[in-house]
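Pasting start.txt here (compact mmCIF, C-alpha atoms and all ligand atoms):
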# COMPACT_ATOMS: atom_id res chain seq x y z
CA MET H 1 27.67 8.75 -20.03
CA ILE H 2 25.45 11.34 -18.35
CA ILE H 3 26.12 15.06 -18.45
CA GLU H 4 24.49 17.19 -15.76
CA LEU H 5 24.48 20.85 -16.62
CA LYS H 6 24.82 23.59 -14.01
CA ALA H 7 21.63 25.23 -12.74
CA SER H 8 22.81 28.39 -14.50
CA ALA H 9 23.15 26.63 -17.89
CA THR H 10 20.84 27.91 -20.61
CA LYS H 11 18.96 26.09 -23.36
CA ALA H 12 21.60 27.42 -25.73
CA ASP H 13 24.33 25.69 -23.67
CA ALA H 14 22.47 22.39 -24.05
CA SER H 15 21.95 22.95 -27.79
CA PHE H 16 25.64 23.68 -28.21
CA ILE H 17 26.57 20.32 -26.66
CA MET H 18 23.91 18.50 -28.65
CA GLY H 19 25.28 19.97 -31.87
CA GLN H 20 28.96 19.58 -31.03
CA TYR H 21 28.61 15.92 -30.07
CA SER H 22 25.78 14.86 -32.37
CA THR H 23 27.79 11.98 -33.83
CA LEU H 24 27.93 10.38 -30.36
CA SER H 25 24.08 10.08 -30.26
CA PRO H 26 23.20 12.28 -27.29
CA THR H 27 19.65 12.52 -25.91
CA LEU H 28 18.51 15.75 -24.32
CA VAL H 29 16.24 14.86 -21.39
CA PRO H 30 13.16 17.11 -21.22
CA VAL H 31 13.42 19.21 -18.08
CA ARG H 32 10.80 19.11 -15.30
CA SER H 33 10.46 21.84 -12.71
CA GLY H 34 13.27 21.70 -10.22
CA GLN H 35 15.43 19.46 -12.39
CA ARG H 36 18.78 20.24 -13.98
CA GLN H 37 19.27 19.81 -17.71
CA LEU H 38 20.64 16.37 -18.52
CA ILE H 39 22.22 15.05 -21.67
CA VAL H 40 22.59 11.29 -21.88
CA PHE H 41 24.93 9.52 -24.27
CA PRO H 42 24.94 5.75 -24.84
CA SER H 43 26.79 3.94 -22.05
CA SER H 44 29.54 2.97 -24.52
CA VAL H 45 30.56 6.66 -24.78
CA LYS H 46 33.15 7.53 -22.14
CA SER H 47 34.15 10.95 -20.88
CA SER H 48 37.78 10.31 -21.85
CA ALA H 49 36.68 10.55 -25.50
CA THR H 50 35.30 14.07 -25.00
CA ASP H 51 36.33 17.34 -23.40
CA LEU H 52 32.89 17.99 -21.95
CA HIS H 53 34.21 18.41 -18.42
CA THR H 54 36.07 21.54 -19.55
CA LEU H 55 32.85 23.35 -20.53
CA ASP H 56 31.63 26.08 -18.17
CA SER H 57 28.02 24.93 -18.43
CA VAL H 58 28.78 21.39 -17.28
CA ASP H 59 28.54 20.47 -13.61
CA ARG H 60 29.07 16.71 -13.65
CA VAL H 61 30.12 14.06 -16.15
CA VAL H 62 29.37 10.49 -15.09
CA ASP H 63 30.56 7.40 -16.93
CA CYS H 64 28.17 4.49 -16.48
CA SER H 65 29.21 0.92 -17.19
CA ALA H 66 25.61 -0.26 -16.90
CA ASP H 67 23.29 0.27 -19.86
CA PHE H 68 20.52 1.38 -17.49
CA GLN H 69 22.21 4.63 -16.70
CA LEU H 70 19.51 6.83 -15.18
CA SER H 71 18.19 4.12 -12.88
CA SER H 72 21.70 3.11 -11.82
CA LYS H 73 23.59 3.83 -8.63
CA GLU H 74 26.55 4.84 -10.78
CA TRP H 75 24.54 7.94 -11.61
CA LYS H 76 22.83 8.43 -8.27
CA SER H 77 24.40 6.70 -5.27
CA GLU H 78 21.66 7.58 -2.74
CA PHE H 79 18.31 5.81 -2.76
CA SER H 80 15.57 7.91 -4.34
CA SER H 81 12.27 8.62 -2.67
CA VAL H 82 9.02 9.07 -4.55
CA GLN H 83 6.58 11.28 -2.71
CA ILE H 84 2.89 10.95 -3.56
CA ALA H 85 1.53 13.40 -1.00
CA ASP H 86 2.32 14.65 2.49
CA GLY H 87 3.24 11.58 4.54
CA ILE H 88 3.10 9.15 1.61
CA LYS H 89 6.62 8.49 0.48
CA PHE H 90 8.18 5.43 -1.14
CA GLY H 91 11.79 5.29 -0.02
CA PRO H 92 14.13 4.68 2.90
CA GLY H 93 12.30 4.23 6.20
CA ASN H 94 8.85 3.78 4.65
CA THR H 95 6.86 0.92 3.19
CA VAL H 96 3.64 1.96 1.49
CA LEU H 97 0.74 -0.49 1.59
CA MET H 98 -1.28 -0.53 -1.63
CA ALA H 99 -4.20 -2.91 -1.25
CA GLY H 100 -7.49 -3.32 -3.05
CA PRO H 101 -9.21 -5.63 -5.49
CA CYS H 102 -7.61 -6.76 -8.74
CA SER H 103 -10.39 -4.99 -10.68
CA VAL H 104 -13.04 -2.39 -10.04
CA GLU H 105 -16.23 -4.45 -10.45
CA THR H 106 -19.15 -2.62 -8.84
CA ARG H 107 -19.60 0.46 -6.67
CA ASP H 108 -20.53 -1.72 -3.73
CA GLN H 109 -17.48 -4.01 -4.03
CA THR H 110 -15.09 -1.08 -4.49
CA MET H 111 -16.51 1.05 -1.68
CA LYS H 112 -16.70 -1.87 0.75
CA THR H 113 -13.08 -2.78 0.13
CA ALA H 114 -11.82 0.78 0.46
CA GLU H 115 -13.85 1.38 3.61
CA TYR H 116 -12.44 -1.73 5.25
CA LEU H 117 -8.82 -0.94 4.37
CA VAL H 118 -9.04 2.68 5.46
CA THR H 119 -10.92 2.14 8.71
CA GLU H 120 -9.03 -0.99 9.75
CA PHE H 121 -5.46 -0.09 8.74
CA GLY H 122 -5.53 3.63 7.90
CA MET H 123 -4.41 2.66 4.40
CA LYS H 124 -3.40 5.60 2.21
CA VAL H 125 -3.14 4.17 -1.33
CA PHE H 126 -5.96 2.13 -2.86
CA ARG H 127 -5.24 -0.18 -5.79
CA ALA H 128 -7.68 -1.42 -8.46
CA GLY H 129 -7.61 -1.84 -12.22
CA ALA H 130 -10.15 -0.47 -14.69
CA PHE H 131 -8.30 -1.52 -17.86
CA LYS H 132 -7.24 -5.12 -17.26
CA PRO H 133 -4.54 -6.79 -19.35
CA ARG H 134 -6.05 -10.30 -19.26
CA THR H 135 -4.49 -13.41 -20.71
CA SER H 136 -7.81 -14.78 -21.97
CA PRO H 137 -9.84 -12.69 -24.41
CA TYR H 138 -12.98 -14.30 -22.93
CA SER H 139 -12.47 -13.09 -19.37
CA PHE H 140 -13.50 -9.77 -17.80
CA GLN H 141 -11.43 -6.97 -19.34
CA GLY H 142 -12.26 -4.22 -16.84
CA LEU H 143 -14.95 -1.53 -16.57
CA GLY H 144 -12.83 1.00 -18.42
CA GLU H 145 -13.78 4.67 -17.92
CA GLU H 146 -16.66 3.75 -15.65
CA GLY H 147 -14.16 2.01 -13.36
CA LEU H 148 -11.98 5.11 -13.27
CA ARG H 149 -14.98 7.22 -12.24
CA LEU H 150 -15.68 4.80 -9.38
CA LEU H 151 -12.06 5.13 -8.28
CA ASP H 152 -12.52 8.88 -8.27
CA GLU H 153 -15.45 8.41 -5.91
CA VAL H 154 -13.27 6.27 -3.65
CA ARG H 155 -10.68 9.03 -3.57
CA SER H 156 -13.22 11.68 -2.56
CA GLU H 157 -15.07 9.48 -0.10
CA PHE H 158 -12.04 8.10 1.77
CA GLY H 159 -9.25 10.58 1.05
CA VAL H 160 -6.99 7.87 -0.37
CA LYS H 161 -4.62 8.09 -3.32
CA ILE H 162 -5.28 5.81 -6.28
CA ILE H 163 -3.02 3.47 -8.22
CA SER H 164 -4.48 2.01 -11.41
CA GLU H 165 -3.01 0.40 -14.49
CA VAL H 166 -2.62 1.27 -18.15
CA LYS H 167 -2.35 -1.56 -20.63
CA ASP H 168 -1.69 0.50 -23.75
CA ILE H 169 -1.67 4.10 -24.93
CA SER H 170 -5.31 4.14 -26.10
CA HIS H 171 -6.58 4.98 -22.61
CA PHE H 172 -3.40 6.48 -21.19
CA ASP H 173 -4.72 10.01 -20.71
CA SER H 174 -7.81 8.84 -18.82
CA VAL H 175 -5.82 6.65 -16.43
CA ALA H 176 -3.29 9.44 -15.95
CA GLU H 177 -6.09 11.89 -15.13
CA TYR H 178 -7.78 9.67 -12.53
CA SER H 179 -4.73 8.01 -10.89
CA ASP H 180 -2.14 9.33 -8.48
CA ILE H 181 0.25 6.54 -9.47
CA ILE H 182 0.14 4.95 -12.92
CA GLN H 183 0.81 1.21 -12.97
CA VAL H 184 2.45 -0.42 -15.98
CA GLY H 185 1.76 -4.15 -15.86
CA THR H 186 4.11 -7.04 -16.43
CA LYS H 187 3.01 -7.56 -20.04
CA ALA H 188 3.30 -3.87 -20.87
CA MET H 189 6.87 -3.49 -19.62
CA TYR H 190 8.16 -3.88 -23.18
CA ASN H 191 5.71 -1.43 -24.78
CA PRO H 192 7.96 1.43 -25.94
CA ALA H 193 5.12 3.83 -26.86
CA LEU H 194 3.61 3.35 -23.41
CA LEU H 195 6.94 3.87 -21.66
CA HIS H 196 7.42 7.03 -23.72
CA LYS H 197 4.01 8.34 -22.59
CA CYS H 198 4.84 7.51 -18.98
CA GLY H 199 8.00 9.56 -19.33
CA ARG H 200 6.06 12.62 -20.44
CA VAL H 201 3.60 12.88 -17.52
CA SER H 202 4.10 14.40 -14.10
CA LYS H 203 2.80 11.39 -12.20
CA PRO H 204 4.76 8.60 -10.51
CA ILE H 205 4.94 5.36 -12.48
CA LEU H 206 4.90 1.93 -10.85
CA LEU H 207 6.67 -0.25 -13.39
CA LYS H 208 6.15 -3.99 -13.03
CA ARG H 209 8.91 -6.32 -14.11
CA GLY H 210 8.07 -8.50 -17.11
CA PHE H 211 7.59 -12.04 -15.84
CA MET H 212 10.38 -13.27 -18.11
CA SER H 213 12.62 -10.21 -18.00
CA THR H 214 16.16 -9.98 -16.77
CA ILE H 215 16.97 -7.27 -14.27
CA LYS H 216 18.94 -5.45 -16.94
CA GLU H 217 15.92 -5.42 -19.28
CA PHE H 218 13.72 -4.24 -16.42
CA LEU H 219 16.00 -1.36 -15.52
CA GLN H 220 16.36 -0.45 -19.19
CA ALA H 221 12.55 -0.13 -19.32
CA ALA H 222 12.80 2.24 -16.33
CA ASP H 223 15.42 4.23 -18.27
CA PHE H 224 13.05 4.51 -21.25
CA ILE H 225 10.68 6.40 -18.94
CA MET H 226 13.34 8.49 -17.21
CA LEU H 227 14.96 9.51 -20.48
CA GLN H 228 11.71 11.35 -21.25
CA GLY H 229 12.12 13.41 -18.07
CA ASN H 230 9.98 11.54 -15.53
CA MET H 231 12.35 10.42 -12.77
CA GLU H 232 9.51 9.26 -10.48
CA VAL H 233 9.74 5.57 -11.27
CA ILE H 234 8.98 2.85 -8.72
CA LEU H 235 10.12 -0.69 -9.54
CA CYS H 236 7.80 -3.61 -8.80
CA GLU H 237 8.91 -7.23 -8.61
CA ARG H 238 5.78 -9.35 -9.19
CA GLY H 239 7.18 -12.81 -9.84
CA LEU H 240 8.79 -14.68 -12.70
CA ARG H 241 7.42 -17.52 -14.82
CA ASN H 242 8.41 -20.87 -13.30
CA PHE H 243 7.78 -24.57 -13.90
CA GLU H 244 5.71 -25.07 -10.76
CA PRO H 245 1.91 -25.34 -10.95
CA LEU H 246 1.45 -24.90 -7.18
CA THR H 247 2.66 -21.32 -7.34
CA ARG H 248 1.59 -18.95 -10.09
CA PHE H 249 4.96 -17.22 -10.45
CA SER H 250 8.11 -17.02 -8.26
CA LEU H 251 8.73 -13.80 -6.38
CA ASP H 252 12.34 -13.05 -7.25
CA ILE H 253 13.47 -11.70 -3.93
CA CYS H 254 17.08 -12.45 -4.88
CA GLY H 255 16.54 -10.36 -8.00
CA ALA H 256 15.07 -7.62 -5.84
CA ALA H 257 18.26 -7.66 -3.76
CA ALA H 258 20.23 -7.27 -7.00
CA MET H 259 17.99 -4.35 -8.02
CA ARG H 260 18.67 -2.68 -4.68
CA GLU H 261 22.39 -3.14 -5.25
CA LEU H 262 22.32 -1.71 -8.76
CA SER H 263 19.54 0.87 -8.72
CA HIS H 264 18.54 3.86 -6.60
CA LEU H 265 14.83 3.49 -7.45
CA PRO H 266 12.27 2.41 -4.80
CA ILE H 267 11.27 -1.27 -4.89
CA VAL H 268 7.74 -2.59 -4.36
CA LEU H 269 7.05 -6.31 -3.92
CA ASP H 270 3.81 -7.95 -5.05
CA PRO H 271 3.02 -11.11 -3.03
CA SER H 272 -0.40 -11.54 -4.70
CA HIS H 273 0.54 -11.98 -8.35
CA SER H 274 3.68 -13.94 -7.54
CA MET H 275 2.10 -16.50 -5.19
CA GLY H 276 -1.22 -16.60 -6.99
CA TYR H 277 -3.04 -18.58 -4.27
CA ARG H 278 -4.44 -16.90 -1.22
CA TYR H 279 -3.20 -19.44 1.33
CA GLY H 280 0.39 -18.42 0.57
CA VAL H 281 0.03 -14.66 0.19
CA PRO H 282 0.24 -13.73 3.92
CA VAL H 283 3.58 -15.45 4.46
CA VAL H 284 4.98 -13.87 1.29
CA MET H 285 3.83 -10.48 2.64
CA GLN H 286 5.91 -11.22 5.72
CA ALA H 287 8.90 -12.09 3.55
CA ALA H 288 8.41 -8.84 1.62
CA ALA H 289 8.44 -6.93 4.90
CA GLY H 290 11.62 -8.75 5.96
CA PHE H 291 13.24 -7.70 2.69
CA GLY H 292 12.54 -4.11 3.67
CA CYS H 293 10.79 -3.14 0.45
CA ASP H 294 9.48 0.37 -0.18
CA GLY H 295 5.95 -0.80 -0.85
CA ILE H 296 3.70 -3.86 -0.80
CA LEU H 297 0.99 -4.43 -3.40
CA VAL H 298 -1.74 -6.84 -2.35
CA GLU H 299 -5.15 -7.89 -3.64
CA THR H 300 -8.21 -8.33 -1.47
CA HIS H 301 -11.97 -8.55 -2.00
CA PRO H 302 -15.10 -8.65 0.20
CA GLU H 303 -15.93 -12.05 -1.36
CA PRO H 304 -12.65 -13.35 -2.80
CA ASP H 305 -14.12 -16.36 -4.61
CA ALA H 306 -16.56 -14.11 -6.43
CA SER H 307 -13.80 -11.81 -7.81
CA TRP H 308 -14.13 -11.09 -11.52
CA SER H 309 -10.35 -11.39 -11.95
CA ASP H 310 -7.55 -13.05 -9.96
CA ALA H 311 -10.05 -14.73 -7.61
CA ASP H 312 -7.62 -17.41 -6.41
CA GLN H 313 -5.21 -14.92 -4.93
CA ALA H 314 -7.57 -12.34 -3.41
CA LEU H 315 -7.26 -12.25 0.37
CA HIS H 316 -10.18 -12.41 2.78
CA PHE H 317 -10.34 -9.31 4.96
CA ASP H 318 -9.70 -11.55 7.98
CA GLN H 319 -6.44 -12.75 6.47
CA LEU H 320 -5.28 -9.15 6.15
CA LYS H 321 -6.39 -8.44 9.70
CA GLU H 322 -4.13 -11.20 10.94
CA THR H 323 -1.21 -10.39 8.67
CA ILE H 324 -0.89 -6.60 8.74
CA PRO H 325 0.13 -6.38 12.43
CA VAL H 326 2.84 -9.00 11.83
CA VAL H 327 4.02 -7.11 8.74
CA ARG H 328 4.19 -3.92 10.83
CA GLU H 329 6.34 -5.65 13.45
CA ILE H 330 8.70 -7.11 10.90
CA LEU H 331 9.03 -3.72 9.22
CA THR H 332 9.86 -2.11 12.56
CA ALA H 333 12.63 -4.68 13.01
CA VAL H 334 14.16 -3.66 9.67
CA GLY H 335 13.82 0.07 10.38
CA ARG H 336 10.69 0.86 8.43
CA THR H 337 7.18 2.14 9.06
CA LEU H 338 4.11 0.83 7.26
CA ILE H 339 2.23 3.69 5.64
C1 LIG H 401 -2.54 -6.43 -11.46
O1 LIG H 401 -1.83 -5.74 -10.69
O2 LIG H 401 -3.74 -6.67 -11.26
C2 LIG H 401 -1.88 -7.06 -12.62
C3 LIG H 401 -2.57 -7.40 -13.71
O3 LIG H 401 -0.56 -7.23 -12.47
P1 LIG H 401 0.55 -7.91 -13.43
O4 LIG H 401 0.73 -6.95 -14.55
O5 LIG H 401 1.74 -8.01 -12.53
O6 LIG H 401 0.03 -9.27 -13.85
MN MN H 402 -4.57 -8.79 -10.43

Represent the structure contained in this file as structure tokens.
Ligand code: PEP
Ligand code: MN
Amino acid sequence: MIIELKASATKADASFIMGQYSTLSPTLVPVRSGQRQLIVFPSSVKSSATDLHTLDSVDRVVDCSADFQLSSKEWKSEFSSVQIADGIKFGPGNTVLMAGPCSVETRDQTMKTAEYLVTEFGMKVFRAGAFKPRTSPYSFQGLGEEGLRLLDEVRSEFGVKIISEVKDISHFDSVAEYSDIIQVGTKAMYNPALLHKCGRVSKPILLKRGFMSTIKEFLQAADFIMLQGNMEVILCERGLRNFEPLTRFSLDICGAAAMRELSHLPIVLDPSHSMGYRYGVPVVMQAAAGFGCDGILVETHPEPDASWSDADQALHFDQLKETIPVVREILTAVGRTLI
């Protein structure tokens, strides 16, 4: 159950409710500028068991059957938009392209990639990781702070926004400082301390679905963030573990349709990590466009085979050059513009 207090409600009104109903385990959501005060009870608590709707300070009482209340359409029936800057909005009508290498490797590699994407496609959001959550402890783990500084140079040089990932809380503040969107990777989706941190910053969070997570678990992870006051969460479907060696993961486009049915949050699709092999990524980008997602995340590199991480899936620039116009056309057909 979610209680939305009136704009005129005071802190004392919220404290009164928290005290009066403490046995029902309420959580007071920290307020951000422009937001109303929210008090969230477990989904098992129903308004019929309380007289909250009679209180003067209360505007709305919403019973939620789903246990991912804040990300659910039961709470918010309209799709949410997440605005990064003027003209860069994830949400109805828009699909934001976020392309770049898997990792920041060198200044030359990063600058070359950004320059190509910006001059060729007018791309607005550059992706690259500096703290890489690798499966093997023997592979490249990212440039760390140095990588973030290179991303800062990319931002100043090309006027793009930056999305970069956090793998744990040890470097959270640095990534938050240098990124315009903070990415939480598939393996970090279950990290409660990290989700808590994400909830306390004023930056949008791109939350990747765990590769073995149910949709309910995924949306509950989103709620962990939102319950801390940050409502700017973007969901990212990046593929589920499968039995098939010819694809790295399976992009769960059916699951994405279920997310769109259940949740108001924007949905990004990631053809690169799901397909895993560059020959298949362009056609999965087309499928993502046909789905009408709110963003597409894709990896590319000036010399894909020489990539320090995820080399098999990095696209050649020429592949992007062929695919982006098709993606644009498909998006137009489903009522969206590529940003
Ligand atoms: C990435 O985006 O480079 C990445 C590591 O993604 P994921 O967490 O989905 O594997
Ligand atoms: Mn990658």

### Expected answer as a PyMOL selection string: residues within 7 Å of ligand MN 402 (chain H), all atoms listed in the file
chain H and resi 102-103+273+299+309-310

Residues within 7 Å of (-5.6, -4.0, -0.6), file coords, all atoms listed in the file, listed as a PDB file with C-alpha atoms, in the frame of the given file:
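This is the output file selection_5.pdb:
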ATOM      1  CA  MET H  98      -1.280  -0.530  -1.630  1.00  0.00           C
ATOM      2  CA  ALA H  99      -4.200  -2.910  -1.250  1.00  0.00           C
ATOM      3  CA  GLY H 100      -7.490  -3.320  -3.050  1.00  0.00           C
ATOM      4  CA  PRO H 101      -9.210  -5.630  -5.490  1.00  0.00           C
ATOM      5  CA  LEU H 117      -8.820  -0.940   4.370  1.00  0.00           C
ATOM      6  CA  PHE H 126      -5.960   2.130  -2.860  1.00  0.00           C
ATOM      7  CA  ARG H 127      -5.240  -0.180  -5.790  1.00  0.00           C
ATOM      8  CA  VAL H 298      -1.740  -6.840  -2.350  1.00  0.00           C
ATOM      9  CA  GLU H 299      -5.150  -7.890  -3.640  1.00  0.00           C
ATOM     10  CA  THR H 300      -8.210  -8.330  -1.470  1.00  0.00           C
TER      11      THR H 300
END

Taking all atoms listed in the file into account, produce a table as a Markdown table in which each residue of chain H with an atom at most 7 Å from an atom of ligand LIG 401 (chain H) appears once, together with its shortest atom pair and the distance in Å to one decimal, ordered by chain and rising number.
| residue | atom | partner | partner_atom | distance |
| --- | --- | --- | --- | --- |
| H:Cys102 | CA | H:LIG401 | O2 | 4.6 |
| H:Ser103 | CA | H:LIG401 | O2 | 6.9 |
| H:Gly129 | CA | H:LIG401 | O2 | 6.3 |
| H:Lys132 | CA | H:LIG401 | C3 | 6.3 |
| H:Pro133 | CA | H:LIG401 | C3 | 6.0 |
| H:Val184 | CA | H:LIG401 | O4 | 6.9 |
| H:Gly185 | CA | H:LIG401 | O4 | 3.3 |
| H:Thr186 | CA | H:LIG401 | O4 | 3.9 |
| H:Lys187 | CA | H:LIG401 | O4 | 6.0 |
| H:Lys208 | CA | H:LIG401 | O5 | 6.0 |
| H:Arg238 | CA | H:LIG401 | O5 | 5.4 |
| H:His273 | CA | H:LIG401 | O5 | 5.9 |

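With only C-alpha atoms as the atoms that count, the minimum distance from Val201 of chain H to the choices H:Glu232, H:Asp152, H:Asp108, H:Glu78 is reached by H:Glu232.
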
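If you measure from each of H:His301, H:Pro245, H:Ala257, H:Val160 to Met275 of chain H using all atoms listed in the file, the closest one turns out to be H:Pro245.
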
### Task
Could you give me, as a ChimeraX atom specification, the residues that have an atom at most 7 Å away from the point (26.7, 9.4, -22.1) in the coordinates of the file, using all atoms listed in the file?
/H:1-3,26,40-43,45-46,63

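Across the model, the gap from atom CA of Ser71 of chain H to atom CA of Ala222 of chain H is 6.7 Å.
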
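Note that the spacing between atom CA of Arg200 of chain H and atom CA of Gln220 of chain H amounts to 16.7 Å.
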
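Residue nearest Glu217 of chain H, chosen from H:Leu24, H:Ala66, H:Met111, H:Ala128 and counting only C-alpha atoms: H:Ala66.
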
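The shortest atom-to-atom distance to Leu28 of chain H, with only C-alpha atoms taken into account, belongs to H:Leu227 out of H:Ile182, H:Leu227, H:Ser48, H:Lys161.
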
Can you tell me, as lines of an AutoDock Vina configuration file, the centre and edge lengths (Å, one decimal) of the axis-aligned box enclosing all of segment 14-26 of chain H's listed atoms after padding each side by 8 Å?
center_x = 25.5
center_y = 16.9
center_z = -28.9
size_x = 23.0
size_y = 29.6
size_z = 25.8

### Message
With all atoms listed in the file as the counted atoms, please give the residues lying no more than 12 Å from Lys11 of chain H, apart from itself and same-chain residues fewer than 5 positions off, as an MDAnalysis selection string.
### Response
chainID H and resid 5:6 16:18 28:31 36:39 57

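The gap separating atom CA of Thr332 of chain H from atom CA of Ser272 of chain H is 22.2 Å, in Å to one decimal.
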
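Closest approach to Ala314 of chain H among H:Pro271, H:Gly142, H:Gly335, H:Gly290: H:Pro271, based on only C-alpha atoms.
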
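Comparing the minimum interatomic distances between Ile162 of chain H and each of H:Phe68, H:Ile88, H:Arg134, H:Gly255, counting all atoms listed in the file, we find that H:Ile88 sits nearest.
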
Could you pull the residues within 9 Å of Glu146 of chain H, counting only C-alpha atoms, minus those fewer than 4 positions along the same chain, as a tab-separated table (two decimals) with C-alpha atoms, in the frame of the given file?
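Heads up, here's the output in selection_23.tsv:
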chain	number	residue	atom	x	y	z
H	130	ALA	CA	-10.15	-0.47	-14.69
H	150	LEU	CA	-15.68	4.80	-9.38
H	151	LEU	CA	-12.06	5.13	-8.28

### Message
At a cut-off of 12 Å, using all atoms listed in the file, what residues contact Met259 of chain H? Leave out same-chain residues fewer than 2 positions from it and give the result as a PyMOL selection string.
### Response
chain H and resi 68+71-73+79+209+214-220+222+234-237+252-257+261-269+293

### Message
List the spatial neighbours of segment 319-329 of chain H as a PyMOL selection string - criterion: any atom at most 10 Å away, all atoms listed in the file, same-chain residues fewer than 2 positions off excluded.
### Response
chain H and resi 95+97+99+117+120-121+278-279+281-283+285-290+298-300+314-317+331-339

### Message
Please list as number ranges by chain every residue within 9 Å of Glu145 of chain H, counting only C-alpha atoms and excluding residues in the same chain fewer than 2 positions away.
### Response
H: 130-131, 143, 147-150, 171, 174-175
